[in-house]
$ cat input_17.cif   # mmCIF, C-alpha atoms and all ligand atoms
data_model
loop_
_atom_site.label_atom_id
_atom_site.label_comp_id
_atom_site.auth_asym_id
_atom_site.auth_seq_id
_atom_site.Cartn_x
_atom_site.Cartn_y
_atom_site.Cartn_z
CA MET M 1 13.75 -5.04 -15.56
CA GLN M 2 10.81 -2.64 -15.79
CA SER M 3 7.07 -3.08 -15.42
CA LEU M 4 5.11 -3.40 -18.69
CA ARG M 5 4.19 -0.16 -20.47
CA GLY M 6 0.79 0.99 -19.24
CA THR M 7 0.97 -1.00 -16.00
CA LYS M 8 1.85 0.40 -12.58
CA ASP M 9 3.06 -0.85 -9.24
CA ILE M 10 0.81 0.53 -6.54
CA LEU M 11 3.38 1.42 -3.91
CA PRO M 12 3.02 1.28 -0.11
CA GLN M 13 3.12 5.08 0.04
CA GLU M 14 0.12 5.26 -2.35
CA ILE M 15 -1.99 2.44 -0.95
CA HIS M 16 -3.89 4.48 1.63
CA GLY M 17 -6.03 6.17 -1.05
CA TRP M 18 -6.87 2.75 -2.52
CA HIS M 19 -7.94 1.52 0.90
CA ILE M 20 -10.21 4.54 1.35
CA VAL M 21 -11.88 3.80 -2.00
CA GLU M 22 -12.15 0.08 -1.19
CA ASP M 23 -13.70 0.82 2.23
CA ARG M 24 -16.25 3.14 0.59
CA ILE M 25 -17.04 0.46 -2.02
CA ARG M 26 -17.85 -2.06 0.73
CA TYR M 27 -19.77 0.45 2.80
CA ILE M 28 -21.98 2.00 0.10
CA THR M 29 -22.75 -1.32 -1.63
CA SER M 30 -23.76 -2.82 1.72
CA LEU M 31 -26.22 0.04 2.29
CA TYR M 32 -27.95 -0.94 -0.95
CA GLY M 33 -27.78 -4.72 -0.40
CA TYR M 34 -25.24 -5.48 -3.16
CA ARG M 35 -22.93 -8.47 -2.70
CA GLU M 36 -19.55 -9.00 -4.27
CA LEU M 37 -19.10 -11.27 -7.28
CA ARG M 38 -15.48 -12.24 -8.02
CA ASN M 39 -15.11 -13.47 -11.58
CA PRO M 40 -11.92 -14.87 -13.06
CA ILE M 41 -9.61 -12.40 -14.79
CA MET M 42 -9.58 -14.57 -17.93
CA GLU M 43 -12.57 -15.65 -20.00
CA TYR M 44 -13.07 -17.34 -23.34
CA THR M 45 -12.62 -14.61 -25.96
CA GLU M 46 -16.13 -15.34 -27.25
CA VAL M 47 -17.66 -13.92 -24.03
CA PHE M 48 -16.45 -10.40 -24.86
CA LYS M 49 -16.80 -10.69 -28.63
CA ARG M 50 -20.43 -11.63 -28.30
CA ALA M 51 -21.37 -9.10 -25.62
CA VAL M 52 -19.28 -6.05 -26.34
CA GLY M 53 -19.56 -6.32 -30.12
CA GLU M 54 -17.02 -7.00 -32.87
CA ASP M 55 -17.16 -3.42 -34.17
CA THR M 56 -16.20 -1.75 -30.91
CA ASP M 57 -12.72 -0.41 -30.17
CA ILE M 58 -12.45 -2.78 -27.22
CA VAL M 59 -12.93 -5.95 -29.24
CA GLY M 60 -11.45 -4.64 -32.48
CA LYS M 61 -8.23 -3.12 -31.14
CA GLU M 62 -7.73 -3.35 -27.42
CA MET M 63 -8.10 -6.87 -26.10
CA TYR M 64 -5.27 -8.94 -24.67
CA THR M 65 -6.16 -12.14 -26.51
CA PHE M 66 -3.97 -15.21 -26.81
CA PRO M 67 -4.25 -18.92 -27.44
CA ASP M 68 -3.56 -20.93 -24.27
CA ARG M 69 -1.52 -24.11 -24.33
CA GLY M 70 -4.64 -26.17 -25.10
CA GLY M 71 -5.41 -24.01 -28.13
CA ASP M 72 -8.40 -22.12 -26.67
CA SER M 73 -8.63 -18.40 -27.35
CA ILE M 74 -8.44 -16.61 -24.01
CA THR M 75 -8.89 -12.91 -23.22
CA LEU M 76 -7.86 -10.92 -20.17
CA ARG M 77 -11.10 -9.18 -19.22
CA PRO M 78 -11.39 -5.68 -20.73
CA GLU M 79 -14.66 -4.97 -18.88
CA ALA M 80 -16.90 -6.76 -16.41
CA THR M 81 -20.50 -6.82 -17.56
CA ALA M 82 -20.03 -9.57 -20.14
CA ALA M 83 -18.40 -11.83 -17.56
CA VAL M 84 -21.02 -11.00 -14.90
CA VAL M 85 -23.78 -12.02 -17.31
CA ARG M 86 -21.92 -15.19 -18.32
CA SER M 87 -21.56 -16.03 -14.66
CA ALA M 88 -25.19 -15.15 -13.74
CA ILE M 89 -26.46 -17.52 -16.43
CA GLN M 90 -24.00 -20.28 -15.53
CA HIS M 91 -24.94 -20.14 -11.83
CA ASN M 92 -28.60 -19.27 -12.24
CA LEU M 93 -28.31 -16.11 -10.16
CA THR M 94 -31.60 -14.74 -11.48
CA ALA M 95 -33.63 -17.98 -11.52
CA GLN M 96 -37.37 -17.84 -10.75
CA GLN M 97 -37.87 -14.15 -11.39
CA GLN M 98 -35.28 -13.27 -8.79
CA ILE M 99 -33.21 -10.19 -9.15
CA ALA M 100 -29.52 -10.12 -8.27
CA ARG M 101 -27.61 -7.15 -6.89
CA VAL M 102 -23.88 -7.62 -7.38
CA TYR M 103 -20.73 -5.55 -7.35
CA TYR M 104 -17.13 -6.21 -8.38
CA SER M 105 -13.80 -4.53 -8.15
CA GLY M 106 -10.46 -5.52 -9.60
CA PRO M 107 -8.03 -5.25 -12.54
CA PHE M 108 -9.04 -4.94 -16.20
CA PHE M 109 -6.90 -4.92 -19.33
CA ARG M 110 -7.02 -2.90 -22.54
CA TYR M 111 -4.23 -2.38 -25.02
CA GLU M 112 -4.58 1.42 -25.26
CA ARG M 113 -2.09 4.25 -25.66
CA PRO M 114 -1.08 5.06 -22.09
CA GLN M 115 -1.54 8.63 -20.82
CA LYS M 116 -2.75 10.37 -17.66
CA GLY M 117 -5.80 8.42 -16.49
CA ARG M 118 -5.36 5.73 -19.11
CA GLN M 119 -3.45 2.52 -18.51
CA ARG M 120 -3.27 -0.94 -19.99
CA GLN M 121 -3.95 -2.55 -16.65
CA PHE M 122 -6.44 -0.44 -14.70
CA HIS M 123 -8.98 -1.09 -11.98
CA GLN M 124 -12.73 -0.78 -11.97
CA PHE M 125 -15.46 -0.90 -9.36
CA GLY M 126 -18.91 -1.58 -10.69
CA CYS M 127 -22.43 -2.63 -9.75
CA GLU M 128 -25.02 -4.59 -11.71
CA LEU M 129 -28.72 -4.88 -10.92
CA LEU M 130 -29.86 -7.97 -12.83
CA GLY M 131 -33.49 -8.81 -13.59
CA ALA M 132 -35.35 -5.51 -13.22
CA SER M 133 -36.63 -3.30 -16.04
CA SER M 134 -38.29 -0.47 -14.10
CA PRO M 135 -37.11 3.15 -13.97
CA GLU M 136 -36.83 2.57 -10.20
CA ALA M 137 -34.04 0.07 -10.91
CA ASP M 138 -32.23 2.74 -12.95
CA ILE M 139 -32.62 5.13 -10.07
CA GLU M 140 -31.24 2.65 -7.56
CA ILE M 141 -28.10 2.27 -9.68
CA LEU M 142 -27.78 6.02 -10.29
CA THR M 143 -28.21 6.96 -6.62
CA LEU M 144 -25.75 4.27 -5.54
CA ALA M 145 -23.18 5.71 -7.96
CA HIS M 146 -24.00 9.25 -6.78
CA ASP M 147 -23.70 8.33 -3.08
CA PHE M 148 -20.41 6.59 -3.75
CA LEU M 149 -18.88 9.69 -5.39
CA GLU M 150 -20.27 11.89 -2.61
CA SER M 151 -18.74 9.63 0.03
CA LEU M 152 -15.34 10.02 -1.65
CA GLY M 153 -15.73 13.80 -1.57
CA ILE M 154 -15.46 14.14 -5.38
CA LYS M 155 -17.19 17.47 -5.91
CA SER M 156 -16.02 18.58 -9.35
CA ARG M 157 -18.26 16.24 -11.28
CA GLU M 158 -21.16 16.11 -13.69
CA LEU M 159 -23.72 13.44 -14.50
CA HIS M 160 -24.58 13.17 -18.21
CA ILE M 161 -27.55 11.05 -19.14
CA ASN M 162 -29.27 9.95 -22.34
CA THR M 163 -31.58 7.27 -23.68
CA LEU M 164 -30.68 4.84 -26.44
CA ALA M 165 -34.30 3.58 -26.57
CA THR M 166 -35.08 0.08 -27.88
CA PRO M 167 -32.90 -1.94 -30.28
CA GLU M 168 -35.51 -1.43 -33.03
CA ILE M 169 -35.43 2.34 -32.67
CA ARG M 170 -31.68 2.36 -32.40
CA GLN M 171 -31.56 0.47 -35.71
CA LEU M 172 -33.72 3.14 -37.36
CA PHE M 173 -31.61 5.85 -35.77
CA LYS M 174 -28.43 4.21 -37.09
CA GLN M 175 -29.88 4.32 -40.63
CA GLU M 176 -30.71 8.01 -40.23
CA LEU M 177 -27.19 8.71 -39.01
CA ILE M 178 -25.62 6.75 -41.87
CA SER M 179 -27.61 8.79 -44.43
CA TYR M 180 -26.77 12.07 -42.70
CA PHE M 181 -23.04 11.41 -42.29
CA THR M 182 -22.72 9.88 -45.79
CA ALA M 183 -23.87 13.23 -47.17
CA HIS M 184 -20.90 14.84 -45.35
CA LEU M 185 -18.41 12.01 -45.79
CA SER M 186 -15.39 14.13 -46.71
CA ASP M 187 -15.73 16.25 -43.54
CA LEU M 188 -15.58 13.20 -41.27
CA SER M 189 -12.36 12.09 -39.56
CA GLU M 190 -10.71 8.95 -40.89
CA ASP M 191 -11.78 6.99 -37.80
CA SER M 192 -15.37 8.04 -38.20
CA GLN M 193 -15.38 7.26 -41.91
CA SER M 194 -14.26 3.75 -41.12
CA ARG M 195 -16.93 3.18 -38.47
CA LEU M 196 -19.71 4.88 -40.42
CA GLN M 197 -21.39 1.64 -41.55
CA SER M 198 -20.59 -0.53 -38.56
CA ASN M 199 -21.02 1.79 -35.57
CA PRO M 200 -22.30 5.24 -36.61
CA LEU M 201 -23.44 6.08 -33.05
CA ARG M 202 -19.83 6.31 -31.99
CA ILE M 203 -19.33 9.27 -34.33
CA LEU M 204 -21.59 11.26 -32.00
CA ASP M 205 -19.09 11.09 -29.15
CA SER M 206 -15.98 11.59 -31.29
CA LYS M 207 -13.61 14.27 -29.97
CA HIS M 208 -12.47 15.27 -33.51
CA PRO M 209 -13.47 18.92 -34.22
CA GLY M 210 -14.90 18.17 -37.69
CA ASP M 211 -16.96 15.24 -36.34
CA LYS M 212 -18.14 17.39 -33.45
CA ALA M 213 -19.37 20.15 -35.75
CA LEU M 214 -21.30 17.63 -37.88
CA SER M 215 -22.71 15.85 -34.82
CA ALA M 216 -24.15 19.09 -33.49
CA ASN M 217 -26.63 19.10 -36.40
CA ALA M 218 -27.08 15.34 -36.75
CA PRO M 219 -30.52 13.70 -36.36
CA ARG M 220 -31.49 13.25 -32.70
CA MET M 221 -32.66 10.05 -31.07
CA GLN M 222 -35.01 12.23 -28.97
CA ASP M 223 -37.08 12.94 -32.10
CA MET M 224 -37.61 9.24 -32.78
CA LEU M 225 -38.51 7.92 -29.34
CA ASP M 226 -41.51 5.61 -28.90
CA THR M 227 -43.92 6.10 -25.98
CA GLU M 228 -42.34 3.37 -23.85
CA SER M 229 -38.83 4.79 -24.17
CA LYS M 230 -40.05 8.33 -23.59
CA ASP M 231 -41.97 7.28 -20.46
CA HIS M 232 -39.09 5.31 -19.06
CA PHE M 233 -36.63 8.14 -19.56
CA SER M 234 -38.88 10.87 -18.19
CA LYS M 235 -39.56 8.80 -15.05
CA VAL M 236 -35.83 8.36 -14.46
CA LEU M 237 -35.29 12.10 -14.85
CA SER M 238 -38.17 12.99 -12.56
CA HIS M 239 -36.78 10.68 -9.84
CA LEU M 240 -33.42 12.42 -10.20
CA ASP M 241 -35.22 15.76 -9.81
CA SER M 242 -37.01 14.63 -6.66
CA LEU M 243 -33.72 13.42 -5.18
CA SER M 244 -32.05 16.71 -6.14
CA ILE M 245 -29.33 14.87 -8.05
CA PRO M 246 -28.11 17.30 -10.73
CA TYR M 247 -27.74 16.01 -14.30
CA THR M 248 -27.44 17.14 -17.91
CA VAL M 249 -29.33 15.38 -20.68
CA ASN M 250 -26.70 14.84 -23.35
CA PRO M 251 -28.10 13.59 -26.69
CA LEU M 252 -24.56 12.90 -27.90
CA LEU M 253 -23.81 10.41 -25.13
CA VAL M 254 -23.86 6.94 -26.69
CA ARG M 255 -21.29 4.90 -24.72
CA GLY M 256 -19.02 2.66 -26.74
CA LEU M 257 -20.56 -0.77 -26.40
CA ASP M 258 -23.23 -2.57 -28.41
CA TYR M 259 -25.26 -3.91 -25.54
CA TYR M 260 -26.92 -0.76 -24.16
CA SER M 261 -30.57 0.23 -24.49
CA HIS M 262 -32.70 2.90 -22.78
CA THR M 263 -30.81 4.74 -20.03
CA VAL M 264 -27.09 5.42 -20.49
CA PHE M 265 -25.05 7.74 -18.31
CA GLU M 266 -21.56 8.95 -17.56
CA PHE M 267 -19.97 10.82 -14.65
CA THR M 268 -17.23 13.22 -15.72
CA SER M 269 -14.85 15.36 -13.69
CA THR M 270 -13.12 18.59 -14.63
CA ALA M 271 -10.23 17.54 -12.37
CA LEU M 272 -9.16 14.83 -14.83
CA GLY M 273 -7.99 16.49 -18.08
CA ALA M 274 -8.51 14.80 -21.46
CA GLN M 275 -9.63 11.46 -20.03
CA ASP M 276 -12.44 13.05 -18.08
CA ALA M 277 -14.80 10.09 -17.52
CA LEU M 278 -14.88 8.85 -13.94
CA GLY M 279 -17.22 6.11 -14.98
CA GLY M 280 -20.44 5.29 -16.68
CA GLY M 281 -23.00 2.68 -17.41
CA GLY M 282 -26.42 1.93 -18.67
CA ARG M 283 -29.26 -0.46 -19.20
CA TYR M 284 -28.69 -3.70 -21.09
CA ASP M 285 -32.03 -5.43 -21.45
CA HIS M 286 -31.08 -7.96 -24.12
CA LEU M 287 -27.61 -9.14 -23.19
CA PHE M 288 -28.75 -12.31 -21.39
CA GLU M 289 -30.62 -13.48 -24.52
CA HIS M 290 -27.47 -12.81 -26.53
CA PHE M 291 -25.73 -15.36 -24.34
CA GLY M 292 -28.56 -17.88 -24.71
CA GLY M 293 -30.12 -16.99 -21.35
CA LYS M 294 -33.71 -15.91 -20.70
CA HIS M 295 -34.84 -12.29 -20.97
CA THR M 296 -33.27 -10.50 -17.98
CA PRO M 297 -33.39 -6.72 -18.21
CA SER M 298 -30.49 -5.24 -16.27
CA ILE M 299 -28.55 -2.08 -15.56
CA GLY M 300 -25.09 -1.31 -14.18
CA PHE M 301 -22.13 1.04 -14.03
CA ALA M 302 -18.34 0.95 -13.71
CA PHE M 303 -15.93 3.51 -12.27
CA GLY M 304 -12.22 3.62 -12.99
CA ILE M 305 -10.47 3.54 -9.62
CA GLU M 306 -7.30 5.29 -10.87
CA ARG M 307 -9.46 8.17 -12.12
CA LEU M 308 -11.36 8.38 -8.82
CA LEU M 309 -8.01 8.69 -7.07
CA LEU M 310 -6.80 11.35 -9.53
CA ALA M 311 -9.96 13.39 -8.91
CA MET M 312 -9.64 12.92 -5.15
CA SER M 313 -6.01 13.98 -5.05
CA ALA M 314 -6.68 16.99 -7.31
CA GLN M 315 -9.00 18.28 -4.61
CA GLU M 316 -6.82 17.00 -1.80
CA SER M 317 -9.61 14.87 -0.38
CA ILE M 318 -7.39 11.89 0.46
CA SER M 319 -6.81 11.88 4.20
CA GLU M 320 -3.33 11.13 5.55
CA ALA M 321 -2.41 7.50 6.15
CA PRO M 322 -2.51 6.57 9.86
CA LYS M 323 0.87 6.93 11.56
CA PRO M 324 2.36 4.36 13.94
CA GLU M 325 1.43 5.32 17.50
CA ILE M 326 4.08 3.71 19.67
CA TYR M 327 7.79 3.03 19.16
CA VAL M 328 9.39 0.68 21.69
CA ILE M 329 13.13 1.26 22.06
CA GLY M 330 15.81 -1.04 23.44
CA PHE M 331 19.58 -0.94 23.14
CA GLU M 332 22.95 -2.38 24.19
CA SER M 333 22.00 -5.45 26.24
CA GLU M 334 20.38 -8.70 25.16
CA GLU M 335 17.86 -8.34 28.05
CA SER M 336 16.85 -4.91 26.81
CA ARG M 337 16.16 -6.16 23.27
CA ARG M 338 14.27 -9.20 24.56
CA ALA M 339 12.11 -6.99 26.80
CA VAL M 340 11.33 -4.77 23.77
CA ILE M 341 10.06 -7.69 21.72
CA SER M 342 7.73 -8.98 24.42
CA CYS M 343 6.58 -5.47 25.39
CA ALA M 344 5.73 -4.57 21.75
CA HIS M 345 3.91 -7.85 21.31
CA ALA M 346 1.83 -7.28 24.44
CA LEU M 347 1.03 -3.67 23.49
CA ARG M 348 -0.19 -4.63 20.02
CA THR M 349 -2.47 -7.28 21.47
CA LEU M 350 -3.73 -5.13 24.37
CA SER M 351 -4.15 -1.81 22.61
CA GLY M 352 -4.75 -2.69 18.96
CA LYS M 353 -2.39 0.18 18.14
CA GLN M 354 0.40 0.19 15.56
CA VAL M 355 3.67 -0.50 17.43
CA ILE M 356 7.08 -0.31 15.75
CA VAL M 357 10.39 -1.71 17.00
CA ASP M 358 13.93 -1.48 15.67
CA VAL M 359 15.15 -4.62 13.90
CA GLN M 360 18.64 -3.40 12.98
CA ASN M 361 20.29 -3.22 16.43
CA ARG M 362 20.59 0.54 16.23
CA SER M 363 21.54 3.00 18.97
CA LEU M 364 19.09 4.82 21.26
CA LYS M 365 19.73 8.03 19.34
CA ALA M 366 19.07 6.47 15.93
CA GLN M 367 15.82 4.91 17.18
CA MET M 368 14.62 8.21 18.73
CA LYS M 369 15.33 9.90 15.43
CA GLU M 370 13.32 7.32 13.52
CA ALA M 371 10.42 7.54 15.99
CA ASP M 372 10.34 11.27 15.41
CA LYS M 373 10.47 10.86 11.63
CA LEU M 374 7.61 8.36 11.68
CA GLY M 375 5.52 10.84 13.67
CA VAL M 376 4.75 8.42 16.54
CA LYS M 377 2.99 9.84 19.57
CA GLN M 378 4.76 7.88 22.29
CA VAL M 379 8.03 6.06 22.77
CA VAL M 380 8.57 3.37 25.37
CA ILE M 381 12.25 3.02 26.31
CA ILE M 382 13.44 -0.20 27.89
CA GLY M 383 17.21 0.27 28.28
CA PRO M 384 19.52 -2.22 30.03
CA GLU M 385 18.73 -0.68 33.47
CA GLU M 386 14.97 -0.72 32.95
CA ALA M 387 15.09 -4.29 31.63
CA LEU M 388 16.76 -5.44 34.87
CA HIS M 389 14.03 -3.86 37.01
CA ASP M 390 11.01 -4.65 34.84
CA THR M 391 10.37 -0.98 34.25
CA CYS M 392 10.28 1.36 31.27
CA ILE M 393 10.29 5.07 30.43
CA VAL M 394 7.20 6.37 28.63
CA LYS M 395 7.85 9.57 26.71
CA ASP M 396 5.21 11.70 25.00
CA LEU M 397 6.87 13.12 21.90
CA SER M 398 4.49 16.04 21.49
CA THR M 399 5.01 17.41 25.04
CA GLY M 400 8.45 15.94 25.79
CA MET M 401 7.13 14.74 29.20
CA GLN M 402 8.42 11.40 30.41
CA HIS M 403 7.68 9.04 33.34
CA THR M 404 9.16 5.80 34.59
CA LYS M 405 6.58 3.03 34.92
CA LEU M 406 6.46 -0.59 36.00
CA MET M 407 5.79 -2.90 33.06
CA THR M 408 2.48 -3.91 34.67
CA GLU M 409 1.49 -0.21 34.84
CA LEU M 410 2.36 0.19 31.16
CA HIS M 411 0.14 -2.76 30.25
CA ASN M 412 -2.72 -1.22 32.25
CA MET M 413 -2.24 2.11 30.47
CA PHE M 414 -2.90 0.53 27.09
CA SER M 415 -5.51 -2.13 27.87
P1 LIG M 501 -15.86 1.95 -19.87
O1 LIG M 501 -16.21 0.52 -19.61
O2 LIG M 501 -14.94 2.13 -21.05
O3 LIG M 501 -17.00 2.89 -19.87
O4 LIG M 501 -14.98 2.36 -18.62
C1 LIG M 501 -15.53 2.72 -17.39
C2 LIG M 501 -14.52 3.55 -16.66
O5 LIG M 501 -13.34 2.79 -16.46
C3 LIG M 501 -14.05 4.77 -17.42
O6 LIG M 501 -14.92 5.85 -17.22
C4 LIG M 501 -12.71 5.02 -16.79
O7 LIG M 501 -12.86 5.68 -15.55
C5 LIG M 501 -12.21 3.63 -16.53
N1 LIG M 501 -11.31 3.19 -17.63
C6 LIG M 501 -11.63 2.64 -18.80
N2 LIG M 501 -10.54 2.35 -19.53
C7 LIG M 501 -9.48 2.75 -18.79
C8 LIG M 501 -8.06 2.74 -18.97
N3 LIG M 501 -7.51 2.22 -20.09
N4 LIG M 501 -7.28 3.24 -17.99
C9 LIG M 501 -7.82 3.74 -16.86
N5 LIG M 501 -9.16 3.77 -16.63
C10 LIG M 501 -9.97 3.29 -17.57
#
$ encode --input "input_17.cif" --output "structure tokens" --more "lines below"
Ligand code: AMP
Amino acid sequence: MQSLRGTKDILPQEIHGWHIVEDRIRYITSLYGYRELRNPIMEYTEVFKRAVGEDTDIVGKEMYTFPDRGGDSITLRPEATAAVVRSAIQHNLTAQQQIARVYYSGPFFRYERPQKGRQRQFHQFGCELLGASSPEADIEILTLAHDFLESLGIKSRELHINTLATPEIRQLFKQELISYFTAHLSDLSEDSQSRLQSNPLRILDSKHPGDKALSANAPRMQDMLDTESKDHFSKVLSHLDSLSIPYTVNPLLVRGLDYYSHTVFEFTSTALGAQDALGGGGRYDHLFEHFGGKHTPSIGFAFGIERLLLAMSAQESISEAPKPEIYVIGFESEESRRAVISCAHALRTLSGKQVIVDVQNRSLKAQMKEADKLGVKQVVIIGPEEALHDTCIVKDLSTGMQHTKLMTELHNMFS
């Protein structure tokens, strides 16, 4: 039996990196006053169809959708924002002009072609700031994301940023793009030809060389911006300047989903290869209304945790997992093995250190060898003789020095 294609077991020898990322998630979000929201992994399919958009790759090709035994259409979540908004409306998280600061982290599912940095079950950490339309809200989200990447030591990265303006302007822009690309239809890739009418913005971030060449000369959203969108965007950029957060304005950055307006952004890393996006996000001012809620302008981002770990390990910024500190050794007699169990138990409680004991009735030599292999600092030997006299031998493995101690002395050493 094998795991499903595109899914991975996260093994004990790999988990330390995950714990570092999870610790940083808790720490940085707490500095900004964000609290965790844990949504179910399954939602009604309609939640994603309505929010993400029927013409997107996610909804069109990638969702794990199935009828449950009651006949409802269920989808394993491919992204979080739609479910966060569903949940915020259901539980009134932004009632009475309140804003809500939430974060999430967990597994997501997309039926994609697996490759480095791309899986069918992957993990995301994201933040959403619900109920605020100001450029200061954008900056809070951008600095949180920036601080998070800094705290993980991911240096080889770039922030790309763009504005998608208002839905009305985006509609006009779409028309302009359709006319422009229609005039060059035969030079477009097959994919782009098929999304020309439904989602022409996506052509702008196509990786196909022909599409890229056409996109370089395509109409620019920047030339169509209204005063409000221009103001909003320039304020965001000037805040980034004052905070000395480097960025590149990228007019071709559109993000894949239907719900974005105004600020959109993406963090990329050169350490990642073809799938170079660490994460991204943007403003979604009209998604709540789409779900039948009241107008609640919002902004958020999501990072892919596997990609963060790839970038961290490429620059060797994952520290070593902590090693066990003490190995308590007993052998031969029943008294010796009993003394080991109670000694190890007392040491764990008194010292809070990681204490390992043998559970296979192995010899002194085999246990010493294992202690060495595990890299422990100290061994405590309670052989048959020591067990009779309530003593033990404490040996420091780095210096080789050893001393006989009373058990009470040992307890004092570690308390
Ligand atoms: P998206 O919602 O598509 O912008 O995804 C946000 C981030 O999640 C991406 O930048 C990736 O880091 C990560 N991500 C998205 N899809 C996958 C996938 N299939 N496998 C691994 N990571 C993914």
$ residues_near_ligand --input "input_17.cif" --ligand "ligand LIG 501 (chain M)" --cutoff "10 Å" --atoms "all atoms listed in the file" --output "ChimeraX atom specification"
/M:6-7,52,57-58,62,78-81,107-126,255-257,265-268,272,275-282,301-308
$ residues_around --input "input_17.cif" --residues "Leu130 of chain M" --least-positions-apart "5" --cutoff "9 Å" --atoms "all atoms listed in the file" --output "JSON, numbers by chain"
{"M": [85, 88, 93, 94, 98, 99, 100, 101, 102, 296, 297, 298, 299, 300]}
$ closest_residue --input "input_17.cif" --among "M:Tyr32, M:Leu4, M:Lys207, M:Gly153" --to "Ala274 of chain M" --atoms "only C-alpha atoms"
M:Lys207
$ closest_residue --input "input_17.cif" --among "M:Thr182, M:Ser189, M:Thr29, M:Gln175" --to "Glu128 of chain M" --atoms "only C-alpha atoms"
M:Thr29
$ residues_near_point --input "input_17.cif" --point "(-40.8, 3.2, -19.5)" --cutoff "12 Å" --atoms "all atoms listed in the file" --output "JSON list (two decimals) with C-alpha atoms, in the frame of the given file"
[["chain", "number", "residue", "atom", "x", "y", "z"],
["M", 133, "SER", "CA", -36.63, -3.30, -16.04],
["M", 134, "SER", "CA", -38.29, -0.47, -14.10],
["M", 135, "PRO", "CA", -37.11, 3.15, -13.97],
["M", 136, "GLU", "CA", -36.83, 2.57, -10.20],
["M", 137, "ALA", "CA", -34.04, 0.07, -10.91],
["M", 138, "ASP", "CA", -32.23, 2.74, -12.95],
["M", 163, "THR", "CA", -31.58, 7.27, -23.68],
["M", 165, "ALA", "CA", -34.30, 3.58, -26.57],
["M", 166, "THR", "CA", -35.08, 0.08, -27.88],
["M", 225, "LEU", "CA", -38.51, 7.92, -29.34],
["M", 226, "ASP", "CA", -41.51, 5.61, -28.90],
["M", 227, "THR", "CA", -43.92, 6.10, -25.98],
["M", 228, "GLU", "CA", -42.34, 3.37, -23.85],
["M", 229, "SER", "CA", -38.83, 4.79, -24.17],
["M", 230, "LYS", "CA", -40.05, 8.33, -23.59],
["M", 231, "ASP", "CA", -41.97, 7.28, -20.46],
["M", 232, "HIS", "CA", -39.09, 5.31, -19.06],
["M", 233, "PHE", "CA", -36.63, 8.14, -19.56],
["M", 234, "SER", "CA", -38.88, 10.87, -18.19],
["M", 235, "LYS", "CA", -39.56, 8.80, -15.05],
["M", 236, "VAL", "CA", -35.83, 8.36, -14.46],
["M", 237, "LEU", "CA", -35.29, 12.10, -14.85],
["M", 261, "SER", "CA", -30.57, 0.23, -24.49],
["M", 262, "HIS", "CA", -32.70, 2.90, -22.78],
["M", 263, "THR", "CA", -30.81, 4.74, -20.03]]
$ residues_around --input "input_17.cif" --residues "segment 201-204 of chain M" --least-positions-apart "4" --cutoff "9 Å" --atoms "all atoms listed in the file" --output "PyMOL selection string"
chain M and resi 56+173-174+177+188+191-193+195-196+211-212+214-216+218+251-256
$ closest_residue --input "input_17.cif" --among "M:Glu316, M:Glu46, M:Asp241, M:Asp23" --to "Ala271 of chain M" --atoms "all atoms listed in the file"
M:Glu316
$ residues_around --input "input_17.cif" --residues "Ala371 of chain M" --least-positions-apart "4" --cutoff "9 Å" --atoms "all atoms listed in the file" --output "ChimeraX atom specification"
/M:324,326-328,356,366-367,375-379,397
$ residues_around --input "input_17.cif" --residues "Lys294 of chain M" --least-positions-apart "4" --cutoff "9 Å" --atoms "all atoms listed in the file" --output "list in words"
Ile89, Phe288 and Glu289 of chain M
$ closest_residue --input "input_17.cif" --among "M:Glu158, M:Asp258, M:Asp72, M:Asp147" --to "Gln171 of chain M" --atoms "all atoms listed in the file"
M:Asp258
$ residues_around --input "input_17.cif" --residues "Leu406 of chain M" --least-positions-apart "3" --cutoff "10 Å" --atoms "all atoms listed in the file" --output "JSON, numbers by chain"
{"M": [386, 389, 390, 391, 392, 393, 409, 410, 411, 412]}
$ write_last_selection --input "input_17.cif" --atoms "C-alpha atoms" --output "short mmCIF file (atom, residue, chain, number, x, y, z; two decimals), keeping the file's coordinate frame"
data_model
loop_
_atom_site.label_atom_id
_atom_site.label_comp_id
_atom_site.auth_asym_id
_atom_site.auth_seq_id
_atom_site.Cartn_x
_atom_site.Cartn_y
_atom_site.Cartn_z
CA GLU M 386 14.97 -0.72 32.95
CA HIS M 389 14.03 -3.86 37.01
CA ASP M 390 11.01 -4.65 34.84
CA THR M 391 10.37 -0.98 34.25
CA CYS M 392 10.28 1.36 31.27
CA ILE M 393 10.29 5.07 30.43
CA GLU M 409 1.49 -0.21 34.84
CA LEU M 410 2.36 0.19 31.16
CA HIS M 411 0.14 -2.76 30.25
CA ASN M 412 -2.72 -1.22 32.25
#
$ closest_residue --input "input_17.cif" --among "M:Asn199, M:Leu347, M:Tyr259, M:Val264" --to "Ile161 of chain M" --atoms "only C-alpha atoms"
M:Val264
$ atom_distance --input "input_17.cif" --atom1 "atom CA of Ile25 of chain M" --atom2 "atom CA of Phe48 of chain M"
25.3 Å
$ closest_residue --input "input_17.cif" --among "M:Thr408, M:Leu164, M:Ser333, M:Gln402" --to "Glu385 of chain M" --atoms "only C-alpha atoms"
M:Ser333
$ atom_distance --input "input_17.cif" --atom1 "atom CA of Ile15 of chain M" --atom2 "atom CA of Tyr27 of chain M"
18.3 Å
$ atom_distance --input "input_17.cif" --atom1 "atom CA of Ile28 of chain M" --atom2 "atom CA of Pro322 of chain M"
22.3 Å
